[in-house]
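Trainee: First the structure, then my questions, so here it is.
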Amino acid sequence: MFTVYTKENVRELIDKLKKRADNSNDDIERSVKTILENVKVNGDKALLEYSEKFDKVKISSLRLSEEAKAEAIAKVPEELKRTIEKAAENIYAFHEKQKQQSWIDNRDGKIMGQRVLPLRRVGLYVPGGTAAYPSSVLMNAIPAKVAGVESIVMVTPPKEDGINPAVIYAAQVAGVTDIITVGGAQAVAAMAYGTETVEQVDKIVGPGNIFVATAKRLVFGTVDIDMFAGPSEVLVIADDKADPAYVAADFMSQAEHDPMAASVLVTTSAEMVDKVRDEIEKQLKTLSRDEIIVRSLTAYGSAVIVDTLDDAAKISDKIAPEHLELMVENPFELLGKVRNAGSVFLGANSPEPLGDYFAGPNHVLPTNGTARFSSALSTDSFVKKSSYLYYSADALKASADDIIRFAEAEGLTAHANSIKVRKNKV
């Protein structure tokens, strides 16, 4: 059910994984541009029309009322509420440790510093249907709340039978201040440009289909976005002591997301590959999303056989996976040898779903090799940093000749003159 590679031909695997992100579509982009422009010009009217056209729901108000929120929350089982609350506590605790402080340096007539300021308003996109995940609400909204964001608006498509109650409860726990029942590219447009009901945001975060992803890409620059997300992946490095049942289970937990999801095993044991394959066939019979799993593993399920764990670490760094599981005897030793991964899961008892739902680190991670240069969603994602400086007259005079020399070397005489007129008055 998956393809086996060696370190000699692993380049073929890397190229295959990267091609998953090539989902550009000219027709979709044209449609999205039309939607963006319509919402920009016609505001709420366009949103209501698109809800009826695309979601087959006729709504009178875009904003979810407090009464509707309360009715939905009452439907959430108490045990699930407690689970959401426990997960939220863990996520809050982890992200609190990421907070940065402003700083100031004052010496020799020079005052310089950096201000770390939260964004004022953030928009969170939450898909509808089977992809309505309360865990994603927590992971996207809580870092913003910890960073000090004043206003968090959540948009999600309207449904005849109402929005997923667990999503609404997660939004309440995470500090979402407003819920707007609109989805698709039109929801991204509303947050990016503002309408009569939806105030413009500074940043848009959250997952969505290709229309939502295209809209986020097109409005980037008018507002900030979280990332250009591609298909998801897990890479498991396993030695000969790893439990093949665990590896197989984690392969399928990733594969059930999407037929484009990739599960990769890098192992020093050729026998491990056969054992994992057998375990997949055994466990697959008990799982509800077996068709998606089979499609995913057939297309992108892979195993790479290597000589040493050092080789495994090097291959992992070339792939730069979203999720990296180190299912080896000494995972902390191997951790020091890997550099490129969105999040690293250490040992047999730290599977990727632990991070998806509960432990605290964020599950919004760089995908498709972008972990080479980018990071998980964090409190840093919701702040901006601005510098400031003050020089006394004596401090400026002491530096004047160097600044003038630099400016004149670049041919910018007006820059030099700005310093000269002050130097001559001191």
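Chain labels A, B, ... are given in the sequence in which chains occur in the structure tokens; within each chain residues are numbered consecutively from 1, and ligands are likewise numbered from 1 in the order shown.
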From the DSSP assignment of the backbone, select every residue of stretch 199-232 of chain A that is alpha helix (DSSP H), and format the answer as a count of residues only.

Mentor: 10

Trainee: Could you give me, as a PyMOL selection string, the residues within 6 Å of stretch 200-207 of chain A, counting only C-alpha atoms and dropping anything in the same chain fewer than 3 positions from it?

Mentor: chain A and resi 121-125+191-194+223-226

Trainee: Store the residues picked out above, limited to N, CA and C atoms, as a CSV table (one decimal), in the first residue's frame.

Mentor:
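again.csv, freshly written:
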chain,number,residue,atom,x,y,z
A,121,ARG,N,-7.3,43.5,15.6
A,121,ARG,CA,-8.4,42.7,15.3
A,121,ARG,C,-8.0,41.5,14.4
A,122,VAL,N,-8.4,40.3,14.7
A,122,VAL,CA,-8.0,39.2,13.9
A,122,VAL,C,-9.2,38.4,13.5
A,123,GLY,N,-9.2,37.8,12.3
A,123,GLY,CA,-10.3,37.0,11.7
A,123,GLY,C,-9.9,35.6,11.7
A,124,LEU,N,-10.8,34.7,12.1
A,124,LEU,CA,-10.5,33.2,12.1
A,124,LEU,C,-11.5,32.6,11.2
A,125,TYR,N,-11.0,31.9,10.2
A,125,TYR,CA,-11.9,31.1,9.3
A,125,TYR,C,-12.1,29.7,9.8
A,191,MET,N,-13.7,39.9,5.7
A,191,MET,CA,-12.7,40.2,6.8
A,191,MET,C,-11.6,41.1,6.2
A,192,ALA,N,-11.2,41.0,5.0
A,192,ALA,CA,-10.1,41.7,4.4
A,192,ALA,C,-10.5,43.2,4.1
A,193,TYR,N,-11.8,43.4,3.6
A,193,TYR,CA,-12.2,44.7,3.2
A,193,TYR,C,-13.1,45.4,4.1
A,194,GLY,N,-13.9,44.6,4.9
A,194,GLY,CA,-14.9,45.1,5.8
A,194,GLY,C,-16.2,45.3,5.0
A,223,VAL,N,-4.4,42.6,4.0
A,223,VAL,CA,-4.3,42.1,5.4
A,223,VAL,C,-3.2,41.1,5.5
A,224,ASP,N,-2.7,40.7,6.7
A,224,ASP,CA,-1.8,39.6,6.8
A,224,ASP,C,-2.6,38.3,6.8
A,225,ILE,N,-1.9,37.2,6.5
A,225,ILE,CA,-2.5,35.9,6.7
A,225,ILE,C,-1.5,35.0,7.4
A,226,ASP,N,-2.0,33.8,7.9
A,226,ASP,CA,-1.1,32.9,8.7
A,226,ASP,C,-0.1,32.3,7.8

Trainee: Could you go through stretch 213-313 of chain A and tell me which residues DSSP, when run on the backbone, assigns to strand (DSSP E), listing them as a VMD selection string?

Mentor: chain A and resid 224 to 225 233 to 238 262 to 267 302 to 305

Trainee: Residues within 9 Å of A:Val236, please, as a PDB file with N, CA and C atoms, in the first residue's frame. Count only C-alpha atoms; anything in the same chain fewer than 5 positions from it doesn't count.

Mentor:
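Result saved to result28.pdb:
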ATOM      1  N   VAL A 247       3.431   2.713  14.632  1.00  0.00           N
ATOM      2  CA  VAL A 247       3.771   3.397  13.378  1.00  0.00           C
ATOM      3  C   VAL A 247       2.587   3.341  12.424  1.00  0.00           C
ATOM      4  N   ASP A 250      -0.233   5.693  13.477  1.00  0.00           N
ATOM      5  CA  ASP A 250       0.070   7.100  13.238  1.00  0.00           C
ATOM      6  C   ASP A 250       0.067   7.429  11.753  1.00  0.00           C
ATOM      7  N   PHE A 251       0.467   6.461  10.926  1.00  0.00           N
ATOM      8  CA  PHE A 251       0.362   6.637   9.476  1.00  0.00           C
ATOM      9  C   PHE A 251      -1.084   6.916   9.092  1.00  0.00           C
ATOM     10  N   SER A 263       2.148  10.163   4.409  1.00  0.00           N
ATOM     11  CA  SER A 263       2.708   9.476   5.570  1.00  0.00           C
ATOM     12  C   SER A 263       3.998   8.803   5.120  1.00  0.00           C
ATOM     13  N   VAL A 264       5.101   9.147   5.778  1.00  0.00           N
ATOM     14  CA  VAL A 264       6.423   8.675   5.354  1.00  0.00           C
ATOM     15  C   VAL A 264       7.121   8.007   6.536  1.00  0.00           C
ATOM     16  N   LEU A 265       7.628   6.825   6.315  1.00  0.00           N
ATOM     17  CA  LEU A 265       8.432   6.103   7.298  1.00  0.00           C
ATOM     18  C   LEU A 265       9.883   6.102   6.838  1.00  0.00           C
ATOM     19  N   VAL A 266      10.792   6.527   7.702  1.00  0.00           N
ATOM     20  CA  VAL A 266      12.228   6.422   7.435  1.00  0.00           C
ATOM     21  C   VAL A 266      12.796   5.519   8.516  1.00  0.00           C
ATOM     22  N   THR A 267      13.353   4.380   8.118  1.00  0.00           N
ATOM     23  CA  THR A 267      13.727   3.365   9.101  1.00  0.00           C
ATOM     24  C   THR A 267      15.043   2.689   8.758  1.00  0.00           C
ATOM     25  N   SER A 316      15.077  13.425   6.661  1.00  0.00           N
ATOM     26  CA  SER A 316      13.969  14.168   7.256  1.00  0.00           C
ATOM     27  C   SER A 316      14.146  15.665   7.042  1.00  0.00           C
ATOM     28  N   HIS A 323       4.851  17.304  10.591  1.00  0.00           N
ATOM     29  CA  HIS A 323       4.945  16.537  11.841  1.00  0.00           C
ATOM     30  C   HIS A 323       6.091  15.541  11.712  1.00  0.00           C
ATOM     31  N   LEU A 324       6.946  15.492  12.730  1.00  0.00           N
ATOM     32  CA  LEU A 324       8.053  14.536  12.750  1.00  0.00           C
ATOM     33  C   LEU A 324       7.972  13.723  14.036  1.00  0.00           C
ATOM     34  N   GLU A 325       7.804  12.413  13.897  1.00  0.00           N
ATOM     35  CA  GLU A 325       7.794  11.523  15.056  1.00  0.00           C
ATOM     36  C   GLU A 325       9.131  10.786  15.134  1.00  0.00           C
ATOM     37  N   LEU A 326       9.775  10.856  16.285  1.00  0.00           N
ATOM     38  CA  LEU A 326      11.037  10.148  16.508  1.00  0.00           C
ATOM     39  C   LEU A 326      10.735   8.918  17.355  1.00  0.00           C
ATOM     40  N   MET A 327      10.370   7.834  16.692  1.00  0.00           N
ATOM     41  CA  MET A 327       9.998   6.608  17.382  1.00  0.00           C
ATOM     42  C   MET A 327      11.234   5.708  17.467  1.00  0.00           C
TER      43      MET A 327
END

Trainee: Would you kindly return, as a PDB file with C-alpha atoms, in the first residue's frame, each protein, DNA or RNA residue with an atom no farther than 12 Å from any atom of A:Lys75, considering only C-alpha atoms and excluding same-chain residues fewer than 6 positions away?

Mentor:
ATOM      1  CA  ALA A  68     -28.302  31.157  19.194  1.00  0.00           C
ATOM      2  CA  LYS A  69     -24.880  30.718  20.818  1.00  0.00           C
ATOM      3  CA  LYS A  81     -17.002  20.649  27.371  1.00  0.00           C
ATOM      4  CA  GLY A 162     -26.982  25.288  12.669  1.00  0.00           C
ATOM      5  CA  ILE A 163     -23.258  25.612  13.304  1.00  0.00           C
ATOM      6  CA  ASN A 164     -21.433  22.771  15.035  1.00  0.00           C
ATOM      7  CA  PRO A 165     -22.165  23.352  18.769  1.00  0.00           C
ATOM      8  CA  ALA A 166     -18.682  22.203  19.840  1.00  0.00           C
ATOM      9  CA  VAL A 167     -17.147  24.826  17.536  1.00  0.00           C
ATOM     10  CA  ILE A 168     -19.262  27.533  19.165  1.00  0.00           C
ATOM     11  CA  TYR A 169     -18.271  26.356  22.650  1.00  0.00           C
TER      12      TYR A 169
END

Trainee: Which residues are near stretch 382-392 of chain A? Cut-off 7 Å, only C-alpha atoms, ignore same chain within fewer than 2 positions. Put them as a list in words.

Mentor: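 Residues meeting the cut-off are Gly109, Lys110, Ile111, Met112, Gly113, Gln114, Arg115, Val116, Leu117, Pro118, Leu119, Ala144, Ala147, Thr379, Asp380, Asp394, Ala395 and Leu396 of chain A.
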
Trainee: Just to be explicit: take each residue in the selection above, keep all heavy atoms, and write the result as a compact mmCIF listing (two decimals), in the first residue's frame.

Mentor:
# COMPACT_ATOMS: atom_id res chain seq x y z
N GLY A 109 23.30 59.50 25.89
CA GLY A 109 22.44 60.43 25.17
C GLY A 109 21.63 59.78 24.06
O GLY A 109 21.04 60.47 23.23
N LYS A 110 21.61 58.45 24.05
CA LYS A 110 20.86 57.73 23.02
C LYS A 110 19.82 56.84 23.72
O LYS A 110 20.16 56.10 24.64
CB LYS A 110 21.78 56.84 22.18
CG LYS A 110 22.98 57.55 21.58
CD LYS A 110 23.96 56.53 21.04
CE LYS A 110 25.29 57.18 20.66
NZ LYS A 110 26.30 56.18 20.26
N ILE A 111 18.61 56.95 23.25
CA ILE A 111 17.54 56.07 23.76
C ILE A 111 16.98 55.29 22.57
O ILE A 111 16.52 55.88 21.59
CB ILE A 111 16.42 56.87 24.43
CG1 ILE A 111 16.97 57.67 25.61
CG2 ILE A 111 15.29 55.94 24.88
CD1 ILE A 111 15.95 58.59 26.25
N MET A 112 17.06 53.98 22.65
CA MET A 112 16.53 53.13 21.59
C MET A 112 15.75 51.98 22.21
O MET A 112 16.05 51.56 23.33
CB MET A 112 17.66 52.58 20.71
CG MET A 112 18.24 53.63 19.76
SD MET A 112 19.68 53.02 18.87
CE MET A 112 20.93 53.15 20.15
N GLY A 113 14.77 51.50 21.47
CA GLY A 113 14.00 50.39 22.01
C GLY A 113 13.11 49.76 20.97
O GLY A 113 13.09 50.17 19.80
N GLN A 114 12.38 48.77 21.42
CA GLN A 114 11.43 48.06 20.56
C GLN A 114 10.13 47.88 21.31
O GLN A 114 10.11 47.47 22.46
CB GLN A 114 11.99 46.69 20.16
CG GLN A 114 11.04 45.89 19.29
CD GLN A 114 11.67 44.61 18.79
OE1 GLN A 114 12.25 44.55 17.72
NE2 GLN A 114 11.55 43.55 19.59
N ARG A 115 9.02 48.21 20.63
CA ARG A 115 7.70 48.01 21.18
C ARG A 115 7.09 46.75 20.56
O ARG A 115 7.09 46.60 19.34
CB ARG A 115 6.80 49.21 20.89
CG ARG A 115 7.34 50.53 21.44
CD ARG A 115 6.47 51.68 20.98
NE ARG A 115 5.19 51.70 21.66
CZ ARG A 115 4.10 52.33 21.20
NH1 ARG A 115 4.14 52.94 20.02
NH2 ARG A 115 2.99 52.32 21.89
N VAL A 116 6.61 45.86 21.41
CA VAL A 116 5.91 44.66 20.96
C VAL A 116 4.42 44.89 21.21
O VAL A 116 3.98 44.92 22.36
CB VAL A 116 6.41 43.40 21.69
CG1 VAL A 116 5.68 42.16 21.19
CG2 VAL A 116 7.92 43.24 21.51
N LEU A 117 3.67 45.05 20.14
CA LEU A 117 2.26 45.44 20.25
C LEU A 117 1.36 44.40 19.59
O LEU A 117 1.67 43.91 18.49
CB LEU A 117 2.03 46.79 19.58
CG LEU A 117 2.85 47.97 20.13
CD1 LEU A 117 2.70 49.17 19.22
CD2 LEU A 117 2.38 48.29 21.53
N PRO A 118 0.25 44.03 20.22
CA PRO A 118 -0.67 43.08 19.59
C PRO A 118 -1.41 43.70 18.42
O PRO A 118 -1.63 44.92 18.37
CB PRO A 118 -1.65 42.74 20.73
CG PRO A 118 -1.63 43.95 21.60
CD PRO A 118 -0.23 44.49 21.54
N LEU A 119 -1.77 42.87 17.45
CA LEU A 119 -2.68 43.32 16.42
C LEU A 119 -4.02 43.65 17.09
O LEU A 119 -4.35 43.12 18.14
CB LEU A 119 -2.89 42.22 15.37
CG LEU A 119 -1.63 41.69 14.66
CD1 LEU A 119 -2.00 40.63 13.64
CD2 LEU A 119 -0.86 42.82 14.02
N ALA A 144 -3.76 34.26 19.75
CA ALA A 144 -4.13 35.66 19.54
C ALA A 144 -4.56 36.30 20.86
O ALA A 144 -4.19 37.44 21.17
CB ALA A 144 -5.26 35.76 18.51
N ALA A 147 -1.59 36.89 23.03
CA ALA A 147 -0.79 38.01 22.53
C ALA A 147 -1.39 39.36 22.87
O ALA A 147 -0.71 40.38 22.80
CB ALA A 147 -0.64 37.88 21.01
N THR A 379 2.17 33.05 19.50
CA THR A 379 1.84 34.42 19.92
C THR A 379 2.55 35.44 19.04
O THR A 379 2.02 36.53 18.81
CB THR A 379 2.22 34.66 21.39
OG1 THR A 379 3.59 34.36 21.58
CG2 THR A 379 1.38 33.79 22.31
N ASP A 380 3.74 35.08 18.53
CA ASP A 380 4.46 35.99 17.63
C ASP A 380 3.66 36.30 16.37
O ASP A 380 3.86 37.34 15.74
CB ASP A 380 5.81 35.39 17.22
CG ASP A 380 6.85 35.48 18.31
OD1 ASP A 380 6.62 36.22 19.28
OD2 ASP A 380 7.89 34.82 18.19
N ASP A 394 24.32 66.27 21.30
CA ASP A 394 25.73 65.84 21.38
C ASP A 394 25.90 64.45 20.76
O ASP A 394 26.91 64.19 20.08
CB ASP A 394 26.19 65.83 22.83
CG ASP A 394 26.37 67.23 23.40
OD1 ASP A 394 26.47 68.19 22.59
OD2 ASP A 394 26.39 67.37 24.64
N ALA A 395 24.95 63.57 20.99
CA ALA A 395 25.05 62.22 20.43
C ALA A 395 24.99 62.26 18.91
O ALA A 395 25.72 61.54 18.22
CB ALA A 395 23.95 61.34 20.99
N LEU A 396 24.10 63.11 18.35
CA LEU A 396 24.01 63.21 16.91
C LEU A 396 25.29 63.81 16.33
O LEU A 396 25.80 63.34 15.30
CB LEU A 396 22.81 64.07 16.51
CG LEU A 396 22.61 64.25 15.00
CD1 LEU A 396 22.38 62.91 14.32
CD2 LEU A 396 21.47 65.21 14.70

Trainee: Check the smallest atom-to-atom distance from each of A:Lys241, A:Lys275, A:Lys58, A:Arg20 to A:Gly369 using only C-alpha atoms, then report the winner.

Mentor: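 With only C-alpha atoms as the atom set, the closest residue is A:Arg20.
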
Trainee: Using only C-alpha atoms, pick whichever of A:Val57, A:Ala87, A:Leu335, A:Val32 has the shortest atom-to-atom distance to A:Arg217.

Mentor: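 The shortest atom-to-atom distance to A:Arg217 comes from A:Val32.
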
Trainee: Counting only C-alpha atoms, what is within 10 Å of A:Glu8, bar same-chain residues fewer than 3 positions away, as a ChimeraX atom specification?

Mentor: /A:5,11-12,304-306

Trainee: Just to be explicit: take each residue in the selection above, keep N, CA and C atoms, and write the result as a PDB file, in the first residue's frame.

Mentor:
ATOM      1  N   TYR A   5      11.518   3.352  -0.847  1.00  0.00           N
ATOM      2  CA  TYR A   5      12.664   4.049  -1.442  1.00  0.00           C
ATOM      3  C   TYR A   5      13.923   3.720  -0.637  1.00  0.00           C
ATOM      4  N   ARG A  11      15.225  11.313  -3.690  1.00  0.00           N
ATOM      5  CA  ARG A  11      14.886  12.558  -4.378  1.00  0.00           C
ATOM      6  C   ARG A  11      13.551  12.435  -5.105  1.00  0.00           C
ATOM      7  N   GLU A  12      13.256  11.238  -5.617  1.00  0.00           N
ATOM      8  CA  GLU A  12      11.973  11.016  -6.294  1.00  0.00           C
ATOM      9  C   GLU A  12      10.802  11.242  -5.330  1.00  0.00           C
ATOM     10  N   VAL A 304      11.318   4.744   3.501  1.00  0.00           N
ATOM     11  CA  VAL A 304      12.701   4.915   3.060  1.00  0.00           C
ATOM     12  C   VAL A 304      13.589   4.088   3.982  1.00  0.00           C
ATOM     13  N   ILE A 305      14.349   3.177   3.415  1.00  0.00           N
ATOM     14  CA  ILE A 305      15.236   2.329   4.203  1.00  0.00           C
ATOM     15  C   ILE A 305      16.642   2.938   4.177  1.00  0.00           C
ATOM     16  N   VAL A 306      17.200   3.164   5.368  1.00  0.00           N
ATOM     17  CA  VAL A 306      18.509   3.811   5.488  1.00  0.00           C
ATOM     18  C   VAL A 306      19.431   2.945   6.349  1.00  0.00           C
TER      19      VAL A 306
END

Trainee: Could you give me, as a list of chain:residue names, the residues within 10 Å of A:Ser51, counting only C-alpha atoms and dropping anything in the same chain fewer than 2 positions from it?

Mentor: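 Using only C-alpha atoms, the neighbours found are A:Ala46, A:Leu47, A:Leu48, A:Glu49, A:Lys53, A:Phe54, A:Asp55, A:Lys56, A:Val57, A:Lys58, A:Ile59, A:Leu62, A:Pro157, A:Pro158, A:Lys159, A:Thr181, A:Val182, A:Gly183, A:Gly184, A:Gln186, A:Ala187.
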
Trainee: Taking only C-alpha atoms into account, which of A:Glu281, A:Val294, A:Tyr246, A:Pro361 comes nearest A:Glu96?

Mentor: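 Smallest separation from A:Glu96 among the options: A:Pro361.
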
Trainee: When distances are computed from only C-alpha atoms, which of A:Ile73, A:Ile142, A:Ala248, A:Ala398 shows the smallest separation from A:Asn90?

Mentor: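 When distances to A:Asn90 are compared using only C-alpha atoms, the smallest one comes from A:Ile142.
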
Trainee: Go through stretch 137-237 of chain A residue by residue and, counting only C-alpha atoms, keep those with an atom at most 12 Å from stretch 353-360 of chain A; for each kept residue give the shortest atom pair and its distance in Å to one decimal, ordered by chain and increasing number, as a tab-separated table.

Mentor:
residue	atom	partner	partner_atom	distance
A:Val137	CA	A:Tyr357	CA	10.8
A:Leu138	CA	A:Tyr357	CA	9.0
A:Met139	CA	A:Gly360	CA	8.6
A:Ile142	CA	A:Gly360	CA	10.4
A:Pro143	CA	A:Gly360	CA	10.6
A:Val234	CA	A:Pro353	CA	10.9

Trainee: Of the candidates A:Asp178, A:Arg289, A:Ile280, A:Met252, which one gets nearest to A:Thr197 if we count only C-alpha atoms?

Mentor: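 Ranking A:Asp178, A:Arg289, A:Ile280, A:Met252 by distance to A:Thr197, first place goes to A:Asp178.
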
Trainee: Which residue is closest to A:Gln100? Choose from A:Ser378, A:Asn42, A:Pro134, A:Ala242 and count only C-alpha atoms.

Mentor: A:Ser378
